[in-house]
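Source file: structure.cif; contents: mmCIF, C-alpha atoms and all ligand atoms.
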data_protein
loop_
_atom_site.label_atom_id
_atom_site.label_comp_id
_atom_site.auth_asym_id
_atom_site.auth_seq_id
_atom_site.Cartn_x
_atom_site.Cartn_y
_atom_site.Cartn_z
CA MET G 94 -24.99 -34.91 -4.89
CA ALA G 95 -27.58 -32.80 -6.65
CA ALA G 96 -27.93 -29.08 -6.36
CA GLN G 97 -31.51 -28.03 -5.91
CA ALA G 98 -32.95 -24.87 -7.42
CA SER G 99 -36.17 -23.17 -6.39
CA PRO G 100 -38.32 -21.90 -9.27
CA ALA G 101 -37.90 -18.24 -8.33
CA GLU G 102 -34.26 -18.23 -7.52
CA GLU G 103 -31.59 -20.89 -7.52
CA LEU G 104 -30.38 -21.73 -4.08
CA SER G 105 -26.92 -20.32 -4.04
CA VAL G 106 -25.06 -22.20 -1.41
CA SER G 107 -22.31 -19.95 -0.23
CA ASP G 108 -18.82 -21.17 -0.82
CA ALA G 109 -16.84 -19.04 1.55
CA ALA G 110 -15.49 -22.43 2.59
CA ALA G 111 -13.31 -22.67 -0.46
CA THR G 112 -10.38 -21.81 1.72
CA THR G 113 -11.30 -23.79 4.82
CA THR G 114 -8.82 -26.56 4.08
CA LYS G 115 -7.65 -27.58 7.52
CA PRO G 116 -4.00 -26.93 8.25
CA GLY G 117 -1.96 -30.08 8.44
CA LEU G 118 -4.39 -32.22 6.51
CA ASN G 119 -2.53 -32.08 3.24
CA SER G 120 0.54 -34.07 4.06
CA ALA G 121 -1.00 -37.33 5.07
CA THR G 122 -1.66 -39.35 1.93
CA ALA G 123 1.97 -40.25 1.50
CA THR G 124 1.78 -42.57 4.51
CA ASN G 125 -0.79 -44.84 2.93
CA GLY G 126 1.29 -47.51 1.34
CA ASN G 127 2.46 -49.75 4.14
CA LEU G 128 -0.55 -51.46 5.65
CA ASN G 129 0.81 -54.85 4.59
CA GLN G 130 4.08 -54.50 6.49
CA ASN G 131 3.05 -56.77 9.33
CA SER G 132 1.54 -59.50 7.24
CA ASP G 133 4.65 -59.45 5.03
CA ASP G 134 6.82 -60.18 8.04
CA SER G 135 4.66 -62.99 9.34
CA ASP G 136 4.52 -64.59 5.88
CA ASP G 137 8.29 -64.55 5.76
CA ASP G 138 8.48 -66.13 9.20
CA ALA G 139 6.24 -68.92 8.05
CA GLU G 140 8.50 -69.46 5.04
CA ASP G 141 11.54 -69.64 7.31
CA ALA G 142 9.91 -72.22 9.54
CA ALA G 143 9.09 -74.39 6.55
CA LEU G 144 12.66 -74.13 5.29
CA GLY G 145 13.98 -75.11 8.71
CA ALA G 146 11.89 -78.27 8.83
CA GLU G 147 13.03 -79.27 5.38
CA THR G 148 16.76 -78.84 6.11
CA GLY G 149 16.41 -80.71 9.38
CA ALA G 150 14.90 -83.71 7.68
CA ALA G 151 17.45 -83.77 4.87
CA LYS G 152 20.34 -83.30 7.36
CA LYS G 153 22.20 -81.03 5.06
CA LYS G 154 22.76 -77.37 4.96
CA LYS G 155 20.63 -75.83 2.36
CA LYS G 156 21.65 -72.43 1.16
CA ARG G 157 19.07 -69.99 2.15
CA LYS G 158 17.59 -68.33 -0.86
CA PRO G 159 17.80 -64.56 -0.76
CA ARG G 160 14.59 -63.32 0.70
CA LYS G 161 12.33 -62.31 -2.11
CA LYS G 162 10.73 -58.95 -1.73
CA LYS G 163 6.99 -59.37 -1.43
CA LYS G 164 5.42 -57.96 -4.55
CA ASN G 165 2.81 -55.30 -4.28
CA PRO G 166 -0.59 -56.62 -5.27
CA THR G 167 -1.25 -55.74 -8.87
CA ALA G 168 -4.93 -56.60 -8.90
CA GLN G 169 -7.90 -55.39 -6.92
CA SER G 170 -9.60 -57.82 -4.53
CA ASP G 171 -13.30 -58.69 -4.40
CA PRO G 172 -14.72 -56.93 -2.45
CA PRO G 173 -12.26 -54.08 -3.16
CA ARG G 174 -9.82 -53.70 -0.27
CA VAL G 175 -6.41 -53.09 -1.92
CA LEU G 176 -5.18 -49.52 -1.60
CA ILE G 177 -5.20 -47.55 -4.84
CA SER G 178 -1.74 -46.32 -3.81
CA GLN G 179 -0.52 -49.96 -3.85
CA LEU G 180 -1.97 -50.60 -7.27
CA PHE G 181 -0.11 -47.50 -8.50
CA PRO G 182 3.18 -47.67 -6.55
CA SER G 183 4.56 -44.66 -8.42
CA LYS G 184 1.65 -42.73 -6.86
CA VAL G 185 0.85 -41.32 -10.27
CA TYR G 186 -2.81 -42.04 -10.85
CA PRO G 187 -4.50 -42.60 -14.20
CA LYS G 188 -5.91 -39.66 -16.10
CA GLY G 189 -9.58 -39.34 -16.82
CA GLU G 190 -10.82 -38.70 -20.35
CA GLU G 191 -9.00 -35.65 -21.73
CA VAL G 192 -10.99 -33.69 -24.28
CA GLU G 193 -9.37 -30.92 -26.32
CA TYR G 194 -11.01 -27.53 -26.43
CA VAL G 195 -12.50 -26.36 -29.71
CA ASP G 196 -12.76 -23.19 -31.78
CA GLU G 197 -11.11 -20.13 -30.20
CA ASN G 198 -9.80 -22.27 -27.32
CA ARG G 199 -8.13 -24.82 -29.56
CA TYR G 200 -4.73 -23.17 -29.05
CA ARG G 201 -4.75 -24.10 -25.35
CA THR G 202 -3.82 -27.76 -25.80
CA THR G 203 -0.30 -26.91 -27.00
CA ASN G 204 0.14 -23.38 -25.60
CA GLU G 205 3.26 -23.21 -23.38
CA GLU G 206 1.80 -20.79 -20.87
CA LYS G 207 -1.30 -22.95 -20.38
CA ARG G 208 0.82 -26.09 -20.06
CA HIS G 209 2.84 -24.37 -17.36
CA LEU G 210 -0.33 -23.48 -15.46
CA ASP G 211 -1.34 -27.12 -15.73
CA ASN G 212 1.97 -28.27 -14.26
CA LEU G 213 1.57 -25.98 -11.28
CA ASN G 214 -1.56 -27.93 -10.49
CA SER G 215 -0.02 -31.38 -10.46
CA ASP G 216 -0.81 -32.20 -6.79
CA PHE G 217 -4.39 -31.08 -7.27
CA LEU G 218 -4.70 -33.22 -10.40
CA ASN G 219 -3.10 -36.26 -8.82
CA ASP G 220 -5.40 -36.09 -5.77
CA TYR G 221 -8.38 -35.80 -8.10
CA ARG G 222 -7.24 -38.79 -10.17
CA HIS G 223 -6.60 -40.81 -7.01
CA ALA G 224 -10.16 -40.15 -5.82
CA ALA G 225 -11.54 -40.91 -9.28
CA GLU G 226 -9.78 -44.29 -9.45
CA ALA G 227 -11.22 -45.24 -6.05
CA HIS G 228 -14.62 -44.15 -7.37
CA ARG G 229 -14.36 -46.26 -10.54
CA GLN G 230 -13.17 -49.40 -8.78
CA THR G 231 -15.85 -49.10 -6.11
CA ARG G 232 -18.71 -48.43 -8.49
CA GLN G 233 -17.72 -51.15 -10.95
CA TRP G 234 -17.74 -53.64 -8.10
CA ALA G 235 -21.11 -52.22 -6.98
CA GLN G 236 -22.57 -52.54 -10.49
CA LYS G 237 -21.65 -56.24 -10.55
CA ASN G 238 -22.77 -57.03 -7.02
CA ILE G 239 -25.89 -55.03 -6.26
CA LYS G 240 -28.90 -57.33 -6.64
CA PRO G 241 -32.60 -57.21 -5.85
CA GLY G 242 -33.22 -58.65 -2.38
CA GLN G 243 -30.37 -56.73 -0.77
CA THR G 244 -31.16 -54.09 1.83
CA LEU G 245 -30.20 -50.49 1.12
CA THR G 246 -28.16 -50.55 4.33
CA GLU G 247 -26.08 -53.46 3.10
CA ILE G 248 -25.60 -51.78 -0.30
CA ALA G 249 -24.52 -48.48 1.27
CA ASN G 250 -22.13 -50.21 3.66
CA GLY G 251 -20.60 -52.23 0.82
CA ILE G 252 -19.88 -49.08 -1.17
CA GLU G 253 -18.59 -47.07 1.77
CA ASP G 254 -16.39 -49.90 3.12
CA SER G 255 -14.84 -50.11 -0.33
CA VAL G 256 -14.19 -46.38 -0.72
CA ARG G 257 -12.60 -46.08 2.71
CA ALA G 258 -10.42 -49.14 2.20
CA LEU G 259 -9.21 -48.03 -1.23
CA VAL G 260 -8.05 -44.62 -0.02
CA GLY G 261 -6.76 -46.07 3.27
CA HIS G 262 -8.73 -43.95 5.70
CA GLN G 263 -11.46 -45.45 7.85
CA GLY G 264 -12.36 -42.04 9.23
CA LEU G 265 -12.77 -43.27 12.79
CA GLU G 266 -10.17 -41.00 14.38
CA GLU G 267 -10.58 -37.25 14.57
CA GLY G 268 -9.47 -35.58 11.34
CA ASP G 269 -9.05 -38.85 9.42
CA ALA G 270 -12.23 -38.54 7.36
CA GLN G 271 -10.95 -35.19 6.11
CA ILE G 272 -7.71 -36.67 4.74
CA ALA G 273 -9.55 -39.01 2.34
CA GLY G 274 -12.75 -41.03 2.24
CA MET G 275 -16.41 -40.39 1.58
CA GLY G 276 -17.06 -37.08 -0.15
CA PHE G 277 -20.74 -37.22 0.83
CA PRO G 278 -23.35 -39.81 1.86
CA THR G 279 -23.95 -42.59 -0.66
CA GLY G 280 -27.20 -41.74 -2.42
CA LEU G 281 -29.47 -44.74 -3.01
CA SER G 282 -32.63 -43.10 -4.32
CA ILE G 283 -35.35 -45.33 -5.68
CA ASN G 284 -38.04 -44.77 -8.36
CA HIS G 285 -39.80 -41.40 -7.88
CA CYS G 286 -37.16 -40.39 -5.36
CA ALA G 287 -34.48 -38.66 -7.43
CA ALA G 288 -31.81 -37.72 -4.90
CA HIS G 289 -30.55 -37.36 -1.33
CA TYR G 290 -31.85 -40.66 0.01
CA THR G 291 -29.59 -42.91 2.05
CA PRO G 292 -30.73 -45.29 4.80
CA ASN G 293 -30.73 -44.14 8.41
CA ALA G 294 -30.25 -46.68 11.22
CA GLY G 295 -32.99 -49.30 11.30
CA ASN G 296 -34.02 -48.80 7.67
CA LYS G 297 -35.32 -52.15 6.38
CA MET G 298 -35.87 -51.17 2.74
CA VAL G 299 -35.07 -53.95 0.27
CA LEU G 300 -34.17 -53.32 -3.37
CA GLN G 301 -36.85 -54.78 -5.67
CA GLN G 302 -36.56 -56.35 -9.11
CA ASP G 303 -38.57 -53.56 -10.77
CA ASP G 304 -36.87 -50.65 -8.99
CA VAL G 305 -34.86 -47.89 -10.63
CA MET G 306 -32.07 -46.89 -8.26
CA LYS G 307 -29.80 -43.87 -8.53
CA VAL G 308 -26.40 -44.63 -6.98
CA ASP G 309 -24.60 -41.35 -6.20
CA ILE G 310 -21.10 -41.82 -4.79
CA GLY G 311 -18.70 -39.17 -3.50
CA VAL G 312 -15.00 -39.87 -2.97
CA HIS G 313 -12.48 -37.29 -1.83
CA VAL G 314 -8.72 -37.15 -1.41
CA ASN G 315 -7.44 -34.06 0.44
CA GLY G 316 -10.81 -32.39 -0.11
CA LYS G 317 -10.86 -32.93 -3.89
CA ILE G 318 -14.34 -34.40 -4.26
CA VAL G 319 -15.31 -36.65 -7.17
CA ASP G 320 -19.10 -36.57 -7.51
CA SER G 321 -20.38 -39.18 -9.94
CA ALA G 322 -23.61 -41.16 -10.19
CA PHE G 323 -25.28 -43.86 -12.27
CA THR G 324 -28.66 -45.56 -12.38
CA LEU G 325 -29.30 -49.28 -11.94
CA ALA G 326 -32.38 -51.11 -13.19
CA PHE G 327 -32.83 -54.88 -13.49
CA ASN G 328 -35.88 -54.75 -15.74
CA PRO G 329 -34.94 -53.80 -19.32
CA ARG G 330 -38.22 -51.93 -19.73
CA TYR G 331 -36.47 -48.86 -18.23
CA ASP G 332 -33.70 -48.87 -20.83
CA PRO G 333 -35.03 -45.82 -22.76
CA LEU G 334 -35.12 -43.78 -19.53
CA LEU G 335 -31.55 -44.70 -18.62
CA GLU G 336 -30.38 -44.13 -22.19
CA ALA G 337 -31.98 -40.67 -22.31
CA VAL G 338 -30.31 -39.52 -19.12
CA LYS G 339 -26.92 -40.98 -20.02
CA ALA G 340 -27.05 -39.24 -23.40
CA ALA G 341 -28.18 -35.96 -21.81
CA THR G 342 -25.30 -36.01 -19.34
CA ASN G 343 -22.81 -36.71 -22.13
CA GLU G 344 -24.33 -33.84 -24.13
CA GLY G 345 -23.75 -31.51 -21.17
CA ILE G 346 -20.15 -32.71 -20.87
CA LYS G 347 -19.63 -32.21 -24.61
CA HIS G 348 -20.73 -28.57 -24.47
CA ALA G 349 -18.80 -27.77 -21.29
CA GLY G 350 -15.65 -25.72 -21.69
CA ILE G 351 -14.03 -22.37 -21.09
CA ASP G 352 -16.49 -19.54 -21.82
CA ALA G 353 -19.44 -21.93 -22.31
CA ARG G 354 -22.65 -20.31 -21.03
CA LEU G 355 -24.47 -22.32 -18.37
CA GLY G 356 -27.97 -21.50 -19.62
CA GLU G 357 -27.12 -22.71 -23.11
CA ILE G 358 -25.70 -25.97 -21.78
CA GLY G 359 -29.05 -26.49 -20.04
CA GLY G 360 -30.77 -26.08 -23.41
CA TYR G 361 -28.56 -28.71 -25.10
CA ILE G 362 -29.16 -31.13 -22.23
CA GLN G 363 -32.92 -30.64 -22.34
CA GLU G 364 -33.05 -31.10 -26.09
CA VAL G 365 -31.39 -34.51 -25.90
CA MET G 366 -33.28 -35.62 -22.78
CA GLU G 367 -36.68 -34.72 -24.15
CA SER G 368 -36.09 -36.39 -27.51
CA TYR G 369 -36.76 -39.69 -25.70
CA GLU G 370 -39.96 -41.34 -24.52
CA ILE G 371 -40.73 -44.56 -22.71
CA GLU G 372 -43.60 -47.03 -22.76
CA LEU G 373 -44.58 -48.59 -19.44
CA ASP G 374 -47.58 -50.92 -19.12
CA GLY G 375 -49.04 -49.70 -22.40
CA THR G 376 -48.74 -45.97 -21.63
CA THR G 377 -46.18 -43.78 -23.37
CA TYR G 378 -44.51 -41.14 -21.18
CA PRO G 379 -42.35 -38.25 -22.36
CA ILE G 380 -39.03 -38.12 -20.54
CA LYS G 381 -38.60 -34.73 -18.90
CA SER G 382 -35.53 -33.02 -17.49
CA ILE G 383 -36.18 -32.37 -13.78
CA ARG G 384 -36.13 -28.59 -14.00
CA ASN G 385 -35.29 -27.79 -10.38
CA LEU G 386 -32.24 -30.04 -10.18
CA ASN G 387 -28.85 -28.82 -11.33
CA GLY G 388 -25.23 -29.67 -11.83
CA HIS G 389 -22.86 -27.49 -9.81
CA THR G 390 -19.30 -26.36 -9.25
CA ILE G 391 -17.25 -28.21 -6.63
CA LEU G 392 -14.74 -26.47 -4.37
CA PRO G 393 -12.21 -28.06 -2.01
CA TYR G 394 -14.17 -29.62 0.87
CA SER G 395 -17.36 -28.04 -0.45
CA ILE G 396 -19.70 -30.03 -2.68
CA HIS G 397 -21.80 -27.13 -3.94
CA GLY G 398 -19.90 -24.13 -5.25
CA THR G 399 -21.47 -20.91 -6.53
CA LYS G 400 -22.29 -21.85 -10.13
CA SER G 401 -25.04 -24.22 -11.12
CA VAL G 402 -25.62 -26.02 -14.41
CA PRO G 403 -29.30 -26.12 -15.32
CA ILE G 404 -30.69 -29.13 -17.17
CA VAL G 405 -33.35 -27.11 -18.94
CA LYS G 406 -32.83 -24.06 -21.18
CA SER G 407 -32.31 -20.87 -19.17
CA ASN G 408 -31.14 -17.30 -19.61
CA ASP G 409 -28.21 -17.77 -17.26
CA GLN G 410 -25.28 -16.08 -19.05
CA THR G 411 -22.70 -17.20 -16.46
CA LYS G 412 -19.64 -18.73 -18.12
CA MET G 413 -17.50 -21.69 -17.25
CA GLU G 414 -13.95 -20.58 -16.49
CA GLU G 415 -10.44 -21.97 -16.44
CA GLY G 416 -9.86 -23.79 -13.14
CA ASP G 417 -13.52 -24.56 -12.46
CA VAL G 418 -14.54 -28.04 -11.37
CA PHE G 419 -18.05 -29.05 -12.39
CA ALA G 420 -20.35 -31.90 -11.49
CA ILE G 421 -22.38 -32.38 -14.66
CA GLU G 422 -25.47 -34.29 -13.61
CA THR G 423 -28.80 -34.68 -15.30
CA PHE G 424 -32.05 -36.20 -14.12
CA GLY G 425 -34.83 -37.53 -16.31
CA SER G 426 -38.34 -38.33 -15.13
CA THR G 427 -41.58 -39.90 -16.30
CA GLY G 428 -43.39 -37.69 -13.77
CA ASN G 429 -43.76 -33.92 -13.42
CA GLY G 430 -40.11 -33.13 -14.08
CA TYR G 431 -40.13 -31.26 -10.80
CA VAL G 432 -39.07 -32.46 -7.34
CA HIS G 433 -40.08 -31.49 -3.83
CA GLU G 434 -38.64 -32.31 -0.43
CA GLU G 435 -40.30 -35.25 1.29
CA GLY G 436 -39.51 -37.79 3.98
CA GLU G 437 -37.01 -38.33 6.75
CA VAL G 438 -33.72 -36.46 6.36
CA SER G 439 -30.45 -38.41 6.19
CA HIS G 440 -28.05 -35.94 4.47
CA TYR G 441 -26.51 -32.95 6.25
CA ALA G 442 -23.55 -30.60 5.96
CA ARG G 443 -22.18 -27.84 8.14
CA ARG G 444 -22.75 -24.57 6.34
CA SER G 445 -19.55 -22.88 5.28
CA ASP G 446 -21.14 -19.53 6.10
CA ALA G 447 -22.44 -20.74 9.47
CA PRO G 448 -23.35 -17.85 11.77
CA LYS G 449 -21.56 -17.56 15.11
CA VAL G 450 -24.29 -18.64 17.50
CA ASP G 451 -23.98 -19.10 21.24
CA LEU G 452 -25.52 -22.56 21.52
CA ARG G 453 -27.59 -23.07 24.66
CA LEU G 454 -28.14 -26.78 24.19
CA SER G 455 -25.13 -28.77 25.39
CA SER G 456 -25.94 -31.71 23.10
CA ALA G 457 -25.87 -29.34 20.11
CA LYS G 458 -22.52 -27.94 21.23
CA SER G 459 -20.92 -31.33 21.60
CA LEU G 460 -22.36 -32.58 18.30
CA LEU G 461 -21.00 -29.51 16.51
CA ASN G 462 -17.61 -30.36 17.94
CA VAL G 463 -17.86 -33.89 16.50
CA ILE G 464 -18.92 -32.49 13.12
CA ASN G 465 -16.08 -29.98 13.03
CA LYS G 466 -13.45 -32.54 13.95
CA ASN G 467 -14.66 -35.27 11.62
CA PHE G 468 -16.35 -33.73 8.59
CA GLY G 469 -15.70 -30.00 8.54
CA THR G 470 -17.81 -28.79 5.62
CA LEU G 471 -18.01 -32.21 3.89
CA PRO G 472 -21.57 -33.59 3.77
CA TRP G 473 -22.38 -36.60 5.97
CA CYS G 474 -25.37 -38.67 7.05
CA ARG G 475 -26.74 -40.03 10.30
CA ARG G 476 -25.03 -43.40 9.73
CA TYR G 477 -21.67 -41.61 9.71
CA LEU G 478 -22.44 -40.27 13.20
CA ASP G 479 -23.58 -43.73 14.35
CA ARG G 480 -20.29 -45.35 13.31
CA LEU G 481 -18.40 -42.73 15.35
CA GLY G 482 -20.31 -43.98 18.39
CA GLN G 483 -22.64 -40.98 18.61
CA GLU G 484 -26.00 -41.72 20.25
CA LYS G 485 -29.20 -39.77 20.91
CA TYR G 486 -28.00 -36.85 18.84
CA LEU G 487 -31.28 -35.96 17.10
CA LEU G 488 -32.30 -33.13 19.43
CA GLY G 489 -28.86 -31.55 19.15
CA LEU G 490 -28.79 -32.10 15.39
CA ASN G 491 -32.18 -30.47 14.86
CA ASN G 492 -31.02 -27.57 17.02
CA LEU G 493 -27.97 -27.05 14.76
CA VAL G 494 -30.26 -27.10 11.72
CA GLN G 495 -32.64 -24.56 13.35
CA ASN G 496 -29.70 -22.29 14.17
CA GLY G 497 -28.53 -22.30 10.55
CA ILE G 498 -25.23 -23.98 11.39
CA VAL G 499 -26.01 -27.28 9.72
CA GLU G 500 -27.98 -27.55 6.50
CA ALA G 501 -30.38 -30.49 6.06
CA TYR G 502 -30.79 -31.99 2.59
CA PRO G 503 -34.12 -33.87 2.61
CA PRO G 504 -34.92 -36.51 -0.03
CA LEU G 505 -36.06 -34.96 -3.34
CA VAL G 506 -38.99 -36.72 -4.97
CA ASP G 507 -41.09 -36.38 -8.10
CA LYS G 508 -44.71 -37.51 -8.19
CA LYS G 509 -45.54 -40.89 -6.69
CA GLY G 510 -45.54 -43.72 -9.22
CA SER G 511 -43.08 -41.97 -11.53
CA TYR G 512 -39.55 -43.10 -12.33
CA THR G 513 -36.43 -40.96 -12.30
CA ALA G 514 -32.86 -41.63 -13.45
CA GLN G 515 -29.53 -39.83 -13.04
CA PHE G 516 -26.05 -39.93 -14.56
CA GLU G 517 -23.27 -37.68 -13.34
CA HIS G 518 -19.58 -37.01 -13.95
CA THR G 519 -17.06 -34.63 -12.46
CA ILE G 520 -15.06 -32.59 -14.97
CA LEU G 521 -12.02 -30.36 -14.53
CA ILE G 522 -11.82 -27.26 -16.71
CA ARG G 523 -8.02 -27.39 -16.94
CA PRO G 524 -6.02 -24.64 -18.69
CA THR G 525 -5.09 -27.00 -21.55
CA VAL G 526 -7.94 -29.53 -21.83
CA LYS G 527 -11.19 -30.52 -20.18
CA GLU G 528 -10.73 -33.71 -18.15
CA VAL G 529 -13.70 -35.96 -17.44
CA ILE G 530 -12.02 -37.17 -14.30
CA SER G 531 -14.62 -39.83 -13.36
CA ARG G 532 -15.01 -41.34 -16.85
CA GLY G 533 -14.73 -45.13 -16.93
CA ASP G 534 -15.42 -48.08 -19.25
CA ASP G 535 -18.84 -48.32 -17.63
CA PHE G 536 -20.16 -44.82 -18.36
CO CO Q 601 -23.64 -33.70 -7.74
#
Write out the structure in this file as structure tokens.
Ligand SMILES: [Co+2]
Amino acid sequence: MAAQASPAEELSVSDAAATTTKPGLNSATATNGNLNQNSDDSDDDAEDAALGAETGAAKKKKKRKPRKKKKNPTAQSDPPRVLISQLFPSKVYPKGEEVEYVDENRYRTTNEEKRHLDNLNSDFLNDYRHAAEAHRQTRQWAQKNIKPGQTLTEIANGIEDSVRALVGHQGLEEGDAQIAGMGFPTGLSINHCAAHYTPNAGNKMVLQQDDVMKVDIGVHVNGKIVDSAFTLAFNPRYDPLLEAVKAATNEGIKHAGIDARLGEIGGYIQEVMESYEIELDGTTYPIKSIRNLNGHTILPYSIHGTKSVPIVKSNDQTKMEEGDVFAIETFGSTGNGYVHEEGEVSHYARRSDAPKVDLRLSSAKSLLNVINKNFGTLPWCRRYLDRLGQEKYLLGLNNLVQNGIVEAYPPLVDKKGSYTAQFEHTILIRPTVKEVISRGDDF
């Protein structure tokens, strides 16, 4: 999910929620592994019945073979439905890309004190890697299966069904969506729309052959949110745009590290991004960094922390620090390189600094209760309310937005007729190394 900055002052979303981890929510992932118990038993029963028939016919006692333990599946299904915790029975999840620090931070990789700090964080790291593996498997399936002619609703449901199945939490009972599941609404933003678009109920939009679609997926385990996005295009004419943005994001990741200054990182990103151009229908367009979109820190259960990572050069002297988690995301555009809010809102989140308001509207009160029990401060969309059985909630929802309790994130669009692309990874600024937790073979 993108962080938006106004030209005068970057929106600093408060992150007082860093500590709002709900009590009792941290112990639940260990119970994931046994969904196949029942089907195992019934399979064995079927085997027994077959054996019985055979011995009866042969009229001789056949020694019963020792019951073989059903093997855990070792491969993912298509569509992805096998728990990540079953694919990794040791419950140790694969690392992302580890990158050693350079220059005056080079010592950290082998330093005993820093390694000890790293070890203290092993649950945090393992939750992050668990979420990242669910992200990779879901998105790689999505990359193969998303095709022009599909509706955005069917694409979003395919991605979200996969994420929830892989982490083993459907999020239909109170509290369940906060154990693991969607970290935010699946962004499916097309062409001049850069971010924060996902279908609401009744949306009939169909993906077209010549569309450029940003797919922004959030997966969380125990509040550790992996925020990573890619861009899909079926017409190769957009290749230079996609290449520019992918290279710009990797440039940002390369310069990230302890003590790196955020404004300088923006300069490196812009330099790479704007070294590209693209020809469309005989016109050559410069590719611009979208200057009011930013990367951002991520805190537990809170997608936008206090720091933002500009994608154009800025004077921001703020430094990256040990322990920070960053979403490094860049956006390139053939348009103005500037987005504004436009269109029907789908994305929302309860503000972590929500004022204590005495709500007059009963529908607002009851909706807030649903939000608190299901999402807490995690972002969600209208479809997530629909699947919980909520109906006619718009008046109450708008009331919560007006009272400053819920923040609305409208779609962010550049000028009509332009094309925008996005690539994004989540990186952990560990004491010893920087870990590109969401890195995969795909990007
Ligand atoms: Co983001």
Within 6 Å of stretch 276-285 of chain G, counting all atoms listed in the file, which residues qualify if same-chain residues fewer than 3 places away don't, as a list in words?
Ala288, His289, Tyr290, Thr291, Val305, Met306, Lys307, Val308, Asp309, Ile310, Gly311, Val312, His313, Ile318, Pro472, Trp473, Cys474, Val506, Asp507, Lys509, Ser511, Tyr512 and Thr513 of chain G
Just want the residues within 7 Å of ligand CO 601 (chain Q), written as a PyMOL selection string, counting only C-alpha atoms and all ligand atoms.
chain G and resi 94-96+320-321+388-389+420+422+517
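With all atoms listed in the file as the atoms that count, the residue of G:Asn467, G:Ile351, G:Leu335, G:Gln230 with the shortest distance to G:Arg201 is G:Ile351.
Between atom CA of G:Asn212 and atom CA of G:Asp417 the separation is 16.0 Å.
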Residue with the minimum atom-to-atom distance to G:Ala249, picked from G:Leu265, G:Ala514, G:Cys286, G:Ala294 with all atoms listed in the file counted, is G:Ala294
Just want the 7 Å neighbourhood of stretch 396-413 of chain G, counted on all atoms listed in the file, with same-chain residues fewer than 6 positions away dropped. Output as a count of residues only.
24
May I have the centre and edge lengths, in Å to one decimal, of an axis-aligned box around the listed atoms of stretch 347-365 of chain G with 4 Å added to every side, as AutoDock Vina command-line options?
--center_x -23.5 --center_y -27.0 --center_z -22.2 --size_x 27.0 --size_y 23.0 --size_z 15.7
Can I get the residues of stretch 220-239 of chain G within 12 Å of stretch 188-195 of chain G, each with the closest pair of atoms and their distance in Å to one decimal, using only C-alpha atoms, sorted chain first then ascending number, as CSV?
residue,atom,partner,partner_atom,distance
G:Asp220,CA,G:Lys188,CA,10.9
G:Tyr221,CA,G:Lys188,CA,9.2
G:Arg222,CA,G:Lys188,CA,6.1
G:His223,CA,G:Lys188,CA,9.2
G:Ala224,CA,G:Gly189,CA,11.0
G:Ala225,CA,G:Gly189,CA,7.9
G:Glu226,CA,G:Gly189,CA,8.9
G:His228,CA,G:Gly189,CA,11.7
G:Arg229,CA,G:Gly189,CA,10.5
Preceding selection exported with C-alpha atoms as an mmCIF file, in the coordinates of the input:
data_model
loop_
_atom_site.group_PDB
_atom_site.id
_atom_site.type_symbol
_atom_site.label_atom_id
_atom_site.label_comp_id
_atom_site.auth_asym_id
_atom_site.auth_seq_id
_atom_site.Cartn_x
_atom_site.Cartn_y
_atom_site.Cartn_z
ATOM 1 C CA ASP G 220 -5.400 -36.090 -5.770
ATOM 2 C CA TYR G 221 -8.380 -35.800 -8.100
ATOM 3 C CA ARG G 222 -7.240 -38.790 -10.170
ATOM 4 C CA HIS G 223 -6.600 -40.810 -7.010
ATOM 5 C CA ALA G 224 -10.160 -40.150 -5.820
ATOM 6 C CA ALA G 225 -11.540 -40.910 -9.280
ATOM 7 C CA GLU G 226 -9.780 -44.290 -9.450
ATOM 8 C CA HIS G 228 -14.620 -44.150 -7.370
ATOM 9 C CA ARG G 229 -14.360 -46.260 -10.540
#
At a cut-off of 10 Å, using all atoms listed in the file, what residues contact G:Gln169? Leave out same-chain residues fewer than 4 positions from it and give the result as a ChimeraX atom specification.
/G:173-177,179-180,230,259
For a cut-off of 10 Å around (-12.9, -49.1, 4.5), file coordinates, pick out all residues using only C-alpha atoms and list them as a PyMOL selection string.
chain G and resi 173-176+250-264+274-275
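In terms of minimum interatomic distance to G:Gly497, G:Arg443 ranks closest within G:His433, G:Lys240, G:Arg443, G:His209, counting all atoms listed in the file.
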Atom CA of G:Arg232 sits from atom CA of G:Ala442 at a separation of 23.5 Å
Of the candidates G:Glu205, G:Asp374, G:Asp479, G:Asp332, which shows the shortest atom-to-atom distance to G:Ser439, using all atoms listed in the file?
G:Asp479
Shortest interatomic distance to G:Asn343 - which of G:Glu247, G:Leu521, G:Asn328, G:Val365, counting all atoms listed in the file
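Checking each of G:Glu247, G:Leu521, G:Asn328, G:Val365 against G:Asn343, counting all atoms listed in the file, the winner is G:Val365.
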Protein/DNA/RNA residues near (-33.4, -37.9, -26.6), cut 9 Å, all atoms listed in the file, as JSON, numbers by chain
{"G": [333, 336, 337, 338, 340, 341, 363, 364, 365, 366, 367, 368, 369, 370, 380]}
